[in-house]
>>> print(open('upload27.txt').read())   # compact mmCIF, C-alpha atoms
# COMPACT_ATOMS: atom_id res chain seq x y z
CA MET A 21 -12.27 14.13 -37.53
CA ASN A 22 -9.15 14.82 -35.44
CA ASP A 23 -7.39 12.45 -33.03
CA LYS A 24 -9.25 13.75 -29.97
CA GLU A 25 -12.64 13.20 -31.62
CA SER A 26 -11.85 9.63 -32.61
CA ILE A 27 -11.40 8.36 -29.05
CA THR A 28 -13.69 5.46 -28.30
CA LYS A 29 -14.16 3.18 -25.33
CA GLU A 30 -12.46 0.42 -27.31
CA SER A 31 -9.41 2.56 -28.15
CA ILE A 32 -8.94 3.40 -24.48
CA LYS A 33 -9.06 -0.31 -23.61
CA GLU A 34 -6.57 -1.10 -26.38
CA ILE A 35 -4.17 1.73 -25.64
CA GLY A 36 -4.53 1.84 -21.88
CA PHE A 37 -5.78 4.50 -19.54
CA GLN A 38 -2.40 6.04 -18.79
CA GLU A 39 -1.26 6.01 -22.41
CA GLU A 40 -4.44 7.83 -23.34
CA ILE A 41 -3.68 10.51 -20.74
CA TYR A 42 -0.17 10.90 -22.18
CA ARG A 43 -1.52 11.01 -25.71
CA GLN A 44 -3.96 13.77 -24.82
CA PHE A 45 -1.82 15.83 -22.46
CA GLY A 46 1.79 14.90 -23.19
CA GLU A 47 4.38 12.67 -21.57
CA SER A 48 5.40 13.04 -17.95
CA LYS A 49 8.52 15.08 -17.29
CA LEU A 50 9.82 12.41 -14.91
CA LYS A 51 10.19 8.65 -14.85
CA PRO A 52 8.41 6.85 -11.99
CA GLU A 53 11.76 6.25 -10.28
CA GLN A 54 12.39 10.01 -10.17
CA TYR A 55 9.34 11.00 -8.13
CA SER A 56 9.61 11.46 -4.40
CA ALA A 57 8.07 8.81 -2.19
CA LEU A 58 5.38 11.29 -1.13
CA GLY A 59 4.70 12.22 -4.76
CA LEU A 60 4.16 8.53 -5.51
CA ALA A 61 1.91 8.24 -2.45
CA TYR A 62 -0.09 11.26 -3.62
CA ILE A 63 -1.07 9.61 -6.91
CA GLY A 64 -1.25 6.15 -5.32
CA ASP A 65 -3.83 7.36 -2.82
CA ALA A 66 -6.05 8.53 -5.67
CA VAL A 67 -5.60 5.31 -7.67
CA TYR A 68 -6.36 3.12 -4.64
CA ASP A 69 -9.37 5.25 -3.73
CA LEU A 70 -10.72 5.03 -7.28
CA ILE A 71 -10.37 1.24 -7.32
CA ILE A 72 -12.12 0.84 -3.96
CA ARG A 73 -14.87 3.32 -4.93
CA THR A 74 -15.39 1.32 -8.13
CA LEU A 75 -15.72 -1.93 -6.16
CA VAL A 76 -18.11 -0.35 -3.67
CA LEU A 77 -20.25 1.22 -6.39
CA ARG A 78 -20.59 -2.15 -8.12
CA LYS A 79 -22.27 -3.57 -5.01
CA GLY A 80 -25.51 -1.79 -5.84
CA ASN A 81 -27.44 1.42 -5.68
CA TYR A 82 -26.96 2.96 -2.24
CA SER A 83 -26.92 6.45 -0.83
CA VAL A 84 -23.72 8.47 -1.19
CA LYS A 85 -23.41 8.39 2.61
CA THR A 86 -23.44 4.57 2.53
CA PHE A 87 -20.91 4.49 -0.33
CA HIS A 88 -18.66 6.81 1.64
CA LYS A 89 -18.92 4.73 4.81
CA MET A 90 -18.14 1.51 2.92
CA THR A 91 -15.19 3.11 1.13
CA SER A 92 -13.77 4.82 4.21
CA SER A 93 -13.61 1.58 6.15
CA ILE A 94 -11.38 0.07 3.45
CA VAL A 95 -9.15 3.03 2.54
CA LYS A 96 -8.31 4.15 6.08
CA ALA A 97 -4.68 3.76 7.18
CA GLU A 98 -5.40 0.92 9.60
CA SER A 99 -7.05 -1.16 6.85
CA GLN A 100 -4.25 -0.41 4.41
CA ALA A 101 -1.70 -1.54 7.00
CA ARG A 102 -3.54 -4.86 7.40
CA LEU A 103 -3.66 -5.24 3.62
CA VAL A 104 0.09 -4.63 3.31
CA GLU A 105 0.80 -7.20 6.01
CA ALA A 106 -1.19 -9.72 3.98
CA ILE A 107 0.57 -9.06 0.65
CA GLU A 108 4.11 -8.23 1.77
CA PRO A 109 5.42 -11.78 1.20
CA ASP A 110 4.20 -11.53 -2.42
CA LEU A 111 5.97 -8.27 -3.24
CA THR A 112 8.91 -8.37 -5.61
CA GLU A 113 12.25 -6.96 -4.52
CA GLU A 114 11.55 -3.77 -6.50
CA GLU A 115 8.04 -3.43 -5.02
CA ASN A 116 9.41 -3.99 -1.51
CA ARG A 117 12.04 -1.29 -2.08
CA VAL A 118 9.38 1.22 -3.21
CA PHE A 119 7.11 0.31 -0.30
CA HIS A 120 9.91 0.81 2.25
CA HIS A 121 10.97 4.07 0.61
CA GLY A 122 7.40 5.36 0.99
CA ARG A 123 7.00 4.02 4.50
CA ASN A 124 10.16 5.76 5.64
CA ALA A 125 9.35 9.10 3.98
CA LYS A 126 8.99 12.02 6.33
CA SER A 127 5.58 13.56 5.81
CA GLY A 128 4.66 17.06 6.86
CA THR A 129 1.24 15.82 7.94
CA SER A 130 0.26 13.55 10.79
CA ALA A 131 -2.23 10.74 11.07
CA LYS A 132 -5.72 11.99 11.90
CA ASN A 133 -7.40 8.80 13.04
CA ALA A 134 -4.56 6.28 12.87
CA SER A 135 -1.42 5.33 14.70
CA ILE A 136 1.78 6.75 13.25
CA ILE A 137 2.88 3.21 12.38
CA ASP A 138 -0.29 2.47 10.40
CA TYR A 139 -0.06 5.89 8.75
CA ARG A 140 3.51 5.26 7.58
CA ILE A 141 2.67 1.77 6.33
CA ALA A 142 -0.30 3.22 4.43
CA THR A 143 1.98 5.88 2.92
CA GLY A 144 4.35 3.13 1.79
CA PHE A 145 1.47 1.19 0.27
CA GLU A 146 0.17 4.26 -1.55
CA ALA A 147 3.69 4.97 -2.84
CA LEU A 148 3.83 1.42 -4.21
CA ILE A 149 0.43 1.78 -5.88
CA GLY A 150 1.49 5.13 -7.35
CA TYR A 151 4.75 3.70 -8.61
CA LEU A 152 3.07 0.73 -10.30
CA TYR A 153 0.44 3.03 -11.80
CA LEU A 154 3.10 5.32 -13.26
CA LYS A 155 4.97 2.26 -14.57
CA GLU A 156 1.70 1.36 -16.34
CA GLN A 157 1.41 -1.88 -14.37
CA MET A 158 -2.27 -1.65 -13.49
CA PRO A 159 -2.82 -5.41 -13.74
CA ARG A 160 -0.27 -5.80 -10.93
CA VAL A 161 -1.97 -3.05 -8.91
CA ILE A 162 -5.31 -4.85 -9.23
CA GLU A 163 -3.70 -8.20 -8.44
CA LEU A 164 -2.12 -6.92 -5.22
CA ILE A 165 -5.26 -5.14 -4.07
CA ALA A 166 -7.46 -8.15 -4.83
CA LEU A 167 -5.04 -10.45 -2.98
CA GLY A 168 -4.94 -8.15 0.03
CA LEU A 169 -8.70 -7.65 0.17
CA GLU A 170 -9.25 -11.39 -0.07
CA ARG A 171 -6.70 -12.27 2.60
CA THR A 172 -7.91 -9.60 5.04
CA GLU A 173 -11.59 -10.22 4.25
CA GLN A 174 -12.11 -6.47 4.03
CA PHE A 175 -14.39 -6.63 1.02
CA ASP A 176 -17.08 -9.19 0.39
CA GLN A 177 -18.34 -9.35 -3.12
>>> encode(input="upload27.txt", output="structure tokens")
Amino acid sequence: MNDKESITKESIKEIGFQEEIYRQFGESKLKPEQYSALGLAYIGDAVYDLIIRTLVLRKGNYSVKTFHKMTSSIVKAESQARLVEAIEPDLTEEENRVFHHGRNAKSGTSAKNASIIDYRIATGFEALIGYLYLKEQMPRVIELIALGLERTEQFDQ
């Protein structure tokens, strides 16, 4: 049996999700600090979306349309901006720096259904989530999201 065949649920828990990706596909060419703010936001958007989808799915067996509606209300820029406002006092100096770097990044796209201010704040938040994910600090990602969801009452369990 080779290394790829011996992967179990337990080994992924022990090693960590990101480490398992690196083990299977190789190390990243860059350190988290070397990615652009928009690159960090790109992966952070996916990480945040996956976490919220996981929380929504755990609520029960609903239609995909209902799941999407529940998820969309939480991941939209306006909701992310409210979440950031609620957790900003708890951010470390490093986290605050990454957030501001992402917020101030010039994006080639514009907000579809959000104010430009909310859109930029959401981009900063996603950059922070992406940065922490790439730093393999998922417990901190979960902690910040849980704190924000609790304080903004955006998700009732």
>>> closest_atom_pairs(input="upload27.txt", of="segment 28-143 of chain A", to="segment 156-162 of chain A", cutoff="9 Å", atoms="all atoms listed in the file", output="Markdown table")
| residue | atom | partner | partner_atom | distance |
| --- | --- | --- | --- | --- |
| A:Gly36 | CA | A:Glu156 | CA | 8.4 |
| A:Phe37 | CA | A:Glu156 | CA | 8.7 |
| A:Gln38 | CA | A:Glu156 | CA | 6.7 |
| A:Glu39 | CA | A:Glu156 | CA | 8.2 |
| A:Tyr68 | CA | A:Val161 | CA | 8.7 |
| A:Ile71 | CA | A:Ile162 | CA | 8.1 |
>>> residues_near_point(input="upload27.txt", point="(-12.0, -4.2, 4.9)", cutoff="7 Å", atoms="all atoms listed in the file", output="list in words")
Ser93, Ile94, Ser99, Leu169, Thr172, Glu173, Gln174 and Phe175 of chain A
>>> write_last_selection(input="upload27.txt", atoms="C-alpha atoms", output="tab-separated table (two decimals), in the coordinates of the input")
chain	number	residue	atom	x	y	z
A	93	SER	CA	-13.61	1.58	6.15
A	94	ILE	CA	-11.38	0.07	3.45
A	99	SER	CA	-7.05	-1.16	6.85
A	169	LEU	CA	-8.70	-7.65	0.17
A	172	THR	CA	-7.91	-9.60	5.04
A	173	GLU	CA	-11.59	-10.22	4.25
A	174	GLN	CA	-12.11	-6.47	4.03
A	175	PHE	CA	-14.39	-6.63	1.02
>>> closest_residue(input="upload27.txt", among="A:Ile63, A:Glu98, A:Lys85, A:Leu75", to="Leu148 of chain A", atoms="all atoms listed in the file")
A:Ile63
>>> closest_residue(input="upload27.txt", among="A:Gly122, A:Leu77, A:Arg171, A:Ala134", to="Lys89 of chain A", atoms="all atoms listed in the file")
A:Leu77
>>> atom_distance(input="upload27.txt", atom1="atom CA of Glu170 of chain A", atom2="atom CA of Lys132 of chain A")
26.5 Å
>>> residues_near_point(input="upload27.txt", point="(1.4, 12.3, 7.4)", cutoff="8 Å", atoms="all atoms listed in the file", output="compact mmCIF listing (two decimals) with C-alpha atoms, keeping the file's coordinate frame")
# COMPACT_ATOMS: atom_id res chain seq x y z
CA LYS A 126 8.99 12.02 6.33
CA SER A 127 5.58 13.56 5.81
CA GLY A 128 4.66 17.06 6.86
CA THR A 129 1.24 15.82 7.94
CA SER A 130 0.26 13.55 10.79
CA ALA A 131 -2.23 10.74 11.07
CA TYR A 139 -0.06 5.89 8.75
CA ARG A 140 3.51 5.26 7.58
CA THR A 143 1.98 5.88 2.92
>>> closest_residue(input="upload27.txt", among="A:Ser48, A:Tyr82, A:Phe145, A:Leu154", to="Ile107 of chain A", atoms="all atoms listed in the file")
A:Phe145
>>> atom_distance(input="upload27.txt", atom1="atom CA of Thr91 of chain A", atom2="atom CA of Arg73 of chain A")
6.1 Å
>>> atom_distance(input="upload27.txt", atom1="atom CA of Ile136 of chain A", atom2="atom CA of Ser92 of chain A")
18.1 Å
>>> residues_around(input="upload27.txt", residues="segment 51-60 of chain A", least_positions_apart="3", cutoff="7 Å", atoms="all atoms listed in the file", output="VMD selection string")
chain A and resid 63 to 64 121 to 122 125 147 150 to 151 154 to 155
>>> closest_residue(input="upload27.txt", among="A:Ala142, A:Thr86, A:Lys96, A:Leu164", to="Glu115 of chain A", atoms="all atoms listed in the file")
A:Leu164
>>> closest_residue(input="upload27.txt", among="A:Glu113, A:Glu163, A:Glu47, A:Glu146", to="Ala61 of chain A", atoms="all atoms listed in the file")
A:Glu146
>>> closest_residue(input="upload27.txt", among="A:Leu103, A:Tyr153, A:Gly144, A:Ser135", to="Gly168 of chain A", atoms="all atoms listed in the file")
A:Leu103
